[in-house]
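Read through the structure below, which is laid out as structure tokens, and then see the notes.
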Amino acid sequence: MRRRDFIKVIAGSAAVWPLAARAQRPNLPLIGFLAVSGLATLPALVDAFHKGLAEAGYIEGKNVIIEYRWAANYGELPALANELVEHHVAVLVAAPLSGGFAAKAATKTIPIVFESGGDPVEAGLVDNLNHPGGNITGVAVMTQQIVPKRLQLLHDLMPSASIFAMLVNPDARSTASTSAAAMSAAQALGVQLHILSTKSPDELPGAFAKIAELQSEALAVTPDPFFHGERKRILDLAARYKLPGIYFERTWVSEGGLMSYSASVPDAFYQIGQYAGRILKGEKPGNLPIQQPTTFELVINLKTANALGLSVPPTLLTIANEVIE
């Protein structure tokens, strides 16, 4: 099944069947699940969410109903959040950071559990990580905050490289702060960094052509559901231009990318599932601290490195959590 067809299937069917199931079993609690469709290309995330829910005692279709909404872009999130609120969900799960803001704008009373790649305090979603207060809590993977570390890893791999490129989605809330942090990191490393904005599939070929024109020697892709959804195209373009890249989730490396450095996103969705279950049992979201990762993993694909003519330094291989050969 093609990726786009897969998204349509899970987005369409998941949006319809819970309503029928709830009509037959009206006493079951209803969870609203709001996310950008790029995340739907990673079924492990929804699976992890289900596992977290099960750990808390809830199984979809048995004692809880889940109604899914997949936004094609950030602009669709507010309307979909309002739609779920109108269905009187008991808990509203939202990802990524922009989904959390859409959920927060849609309701001041329904409990919200969010997943964020950025810092939710810095972004203004919550005031405090330990005591978020109100009707909201969640998990902050902090993938945006380690963008400078990814540039450092690229530099460790290619110490003679002097020009890097970075892809960002201009519609993401954290793009400005991420770009500023990346520019500071590049300056500290003594490399030139070109930041290219792209938010639609049609823009990607032009972005890579521009990267080549700027003579960039390596690429960093910032965390974003749009990039997740287009990762095959991005990886194909990186291979075509022989561009070493570092990405924000290990799936990219297992599918042919060179390196990734990140916390486990499936672990974050597992924690979201646990929180949703605990809230259904009566806990207050504002009393549940924002969860943060304690470990980050470096994954390297040696086959891709060989195809690019790169020799990975032993120092990187030593600290890598996984090396794909």
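Just remember, in the structure tokens the first chain shown is A, the second B, etc., residues are 1-based per chain, and ligands are 1-based in the order shown.
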
Given only C-alpha atoms, how would the per-residue table for region 127-207 of chain A near region 69-90 of chain A read, listing every residue at most 10 Å away with its closest atom pair and distance in Å to one decimal, sorted by chain and number, as CSV?
```
residue,atom,partner,partner_atom,distance
A:Asp171,CA,A:Tyr74,CA,7.2
A:Ala172,CA,A:Tyr74,CA,7.7
A:Arg173,CA,A:Tyr74,CA,9.6
A:Lys199,CA,A:Asn73,CA,8.9
A:Ser200,CA,A:Asn73,CA,9.4
```

d(CA of Lys62 (chain A), CA of Ala106 (chain A)) in Å: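 Separating CA of Lys62 (chain A) from CA of Ala106 (chain A) is a distance of 27.9 Å.
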
Who sits within 12 Å of Glu297 (chain A), only C-alpha atoms, same chain under 6 positions skipped, as a list in words: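 Near Glu297 (chain A), the qualifying residues are Thr143, Ile146, Lys149, Arg150, Tyr247, Phe248, Glu249, Arg250, Val253, Met259, Ser260, Tyr261, Ser262, Ala263, Ser264, Val265, Leu316, Ile319, Ala320, Asn321, Glu322 and Val323 of chain A.
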
Surrounding residues of Gln215 (chain A) excluding itself and chain neighbours under 5 positions, 9 Å, only C-alpha atoms, as a list in words: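 Counting only C-alpha atoms, the residues come to Ile163, Phe164 and Lys210 of chain A.
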
Write out, as an mmCIF file, in the first residue's frame, the residues just selected, with N, CA and C atoms.
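Output file part_35.cif follows:
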```
data_model
loop_
_atom_site.group_PDB
_atom_site.id
_atom_site.type_symbol
_atom_site.label_atom_id
_atom_site.label_comp_id
_atom_site.auth_asym_id
_atom_site.auth_seq_id
_atom_site.Cartn_x
_atom_site.Cartn_y
_atom_site.Cartn_z
ATOM 1 N N ILE A 163 30.537 24.224 5.002
ATOM 2 C CA ILE A 163 29.219 24.756 4.654
ATOM 3 C C ILE A 163 28.158 23.695 4.936
ATOM 4 N N PHE A 164 27.227 24.013 5.808
ATOM 5 C CA PHE A 164 26.118 23.124 6.136
ATOM 6 C C PHE A 164 24.810 23.755 5.658
ATOM 7 N N LYS A 210 18.886 24.232 -4.496
ATOM 8 C CA LYS A 210 19.496 25.413 -3.886
ATOM 9 C C LYS A 210 20.641 25.008 -2.960
#
```

Report the residues of region 67-301 of chain A whose backbone DSSP state falls under alpha helix (DSSP H), written as a tab-separated table (two decimals) with C-alpha atoms, in the first residue's frame.
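Done, and the output landed in out20.tsv:
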```tsv
chain	number	residue	atom	x	y	z
A	77	LEU	CA	-5.44	21.90	13.57
A	78	PRO	CA	-7.74	24.54	15.18
A	79	ALA	CA	-10.86	23.39	13.32
A	80	LEU	CA	-10.16	19.73	14.06
A	81	ALA	CA	-9.53	20.51	17.73
A	82	ASN	CA	-12.87	22.30	17.92
A	83	GLU	CA	-14.54	19.35	16.22
A	84	LEU	CA	-13.24	16.94	18.84
A	85	VAL	CA	-14.32	19.28	21.64
A	86	GLU	CA	-17.82	19.33	20.14
A	97	LEU	CA	3.41	21.65	19.76
A	98	SER	CA	1.01	23.44	17.40
A	99	GLY	CA	-1.57	20.75	18.15
A	100	GLY	CA	-1.20	21.53	21.83
A	101	PHE	CA	-1.88	25.21	21.17
A	102	ALA	CA	-4.91	24.35	19.02
A	103	ALA	CA	-6.27	22.13	21.78
A	104	LYS	CA	-5.64	24.76	24.44
A	105	ALA	CA	-7.48	27.38	22.38
A	106	ALA	CA	-10.41	25.01	21.85
A	120	PRO	CA	6.48	24.12	25.93
A	121	VAL	CA	7.49	26.72	28.55
A	122	GLU	CA	9.63	28.72	26.14
A	123	ALA	CA	6.81	28.52	23.57
A	147	VAL	CA	19.54	20.78	16.92
A	148	PRO	CA	22.94	22.32	17.88
A	149	LYS	CA	24.09	18.86	19.01
A	150	ARG	CA	23.16	17.45	15.62
A	151	LEU	CA	25.30	20.08	13.92
A	152	GLN	CA	28.14	19.15	16.27
A	153	LEU	CA	27.80	15.50	15.25
A	154	LEU	CA	27.88	16.45	11.57
A	155	HIS	CA	31.04	18.44	12.25
A	156	ASP	CA	32.56	15.47	14.11
A	157	LEU	CA	31.82	13.30	11.07
A	175	THR	CA	11.32	27.52	13.71
A	176	ALA	CA	12.56	30.98	14.72
A	177	SER	CA	14.12	29.84	18.00
A	178	THR	CA	15.51	26.67	16.44
A	179	SER	CA	17.07	28.62	13.57
A	180	ALA	CA	18.65	31.11	15.97
A	181	ALA	CA	20.14	28.32	18.10
A	182	ALA	CA	21.43	26.55	14.98
A	183	MET	CA	23.09	29.71	13.66
A	184	SER	CA	24.82	30.25	17.01
A	185	ALA	CA	26.01	26.64	17.03
A	186	ALA	CA	27.31	26.93	13.46
A	187	GLN	CA	29.22	30.08	14.35
A	188	ALA	CA	30.79	28.32	17.32
A	189	LEU	CA	31.81	25.42	15.07
A	204	LEU	CA	11.58	20.01	-1.83
A	205	PRO	CA	13.33	19.48	-5.20
A	206	GLY	CA	14.00	23.22	-5.47
A	207	ALA	CA	15.32	23.32	-1.91
A	208	PHE	CA	17.83	20.58	-2.66
A	209	ALA	CA	18.85	22.25	-5.90
A	210	LYS	CA	19.50	25.41	-3.89
A	211	ILE	CA	21.50	23.43	-1.33
A	212	ALA	CA	23.69	22.14	-4.16
A	213	GLU	CA	24.01	25.63	-5.64
A	225	PRO	CA	5.68	16.16	11.00
A	226	PHE	CA	5.78	17.49	7.42
A	227	PHE	CA	9.33	16.23	7.03
A	228	HIS	CA	8.33	12.91	8.60
A	229	GLY	CA	5.62	12.52	5.99
A	231	ARG	CA	11.05	11.47	4.49
A	232	LYS	CA	11.26	9.05	1.54
A	233	ARG	CA	11.43	11.96	-0.89
A	234	ILE	CA	13.95	13.78	1.30
A	235	LEU	CA	16.14	10.70	1.66
A	236	ASP	CA	15.99	10.08	-2.10
A	237	LEU	CA	17.02	13.67	-2.81
A	238	ALA	CA	19.84	13.50	-0.26
A	239	ALA	CA	21.11	10.34	-1.94
A	240	ARG	CA	20.81	11.91	-5.41
A	250	ARG	CA	15.88	6.66	14.01
A	251	THR	CA	13.33	5.55	11.38
A	252	TRP	CA	15.10	7.85	8.92
A	253	VAL	CA	18.34	5.93	9.38
A	254	SER	CA	16.72	2.51	9.12
A	265	VAL	CA	9.47	9.50	20.07
A	266	PRO	CA	7.56	6.21	20.52
A	267	ASP	CA	8.47	6.39	24.23
A	268	ALA	CA	6.89	9.85	24.32
A	269	PHE	CA	3.64	8.55	22.83
A	270	TYR	CA	3.70	5.66	25.31
A	271	GLN	CA	3.91	8.22	28.13
A	272	ILE	CA	1.05	10.19	26.57
A	273	GLY	CA	-1.05	7.03	26.60
A	274	GLN	CA	-0.24	6.47	30.26
A	275	TYR	CA	-1.17	10.05	31.13
A	276	ALA	CA	-4.45	9.82	29.21
A	277	GLY	CA	-5.34	6.68	31.15
A	278	ARG	CA	-4.43	8.22	34.49
A	279	ILE	CA	-6.59	11.25	33.72
A	280	LEU	CA	-9.52	8.99	32.79
```

Nearest to Ala56 (chain A) by atom-to-atom distance, counting only C-alpha atoms, from A:Gly256, A:Pro132, A:Pro293, A:Gly282: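 Distance minimum relative to Ala56 (chain A) lands on A:Gly282.
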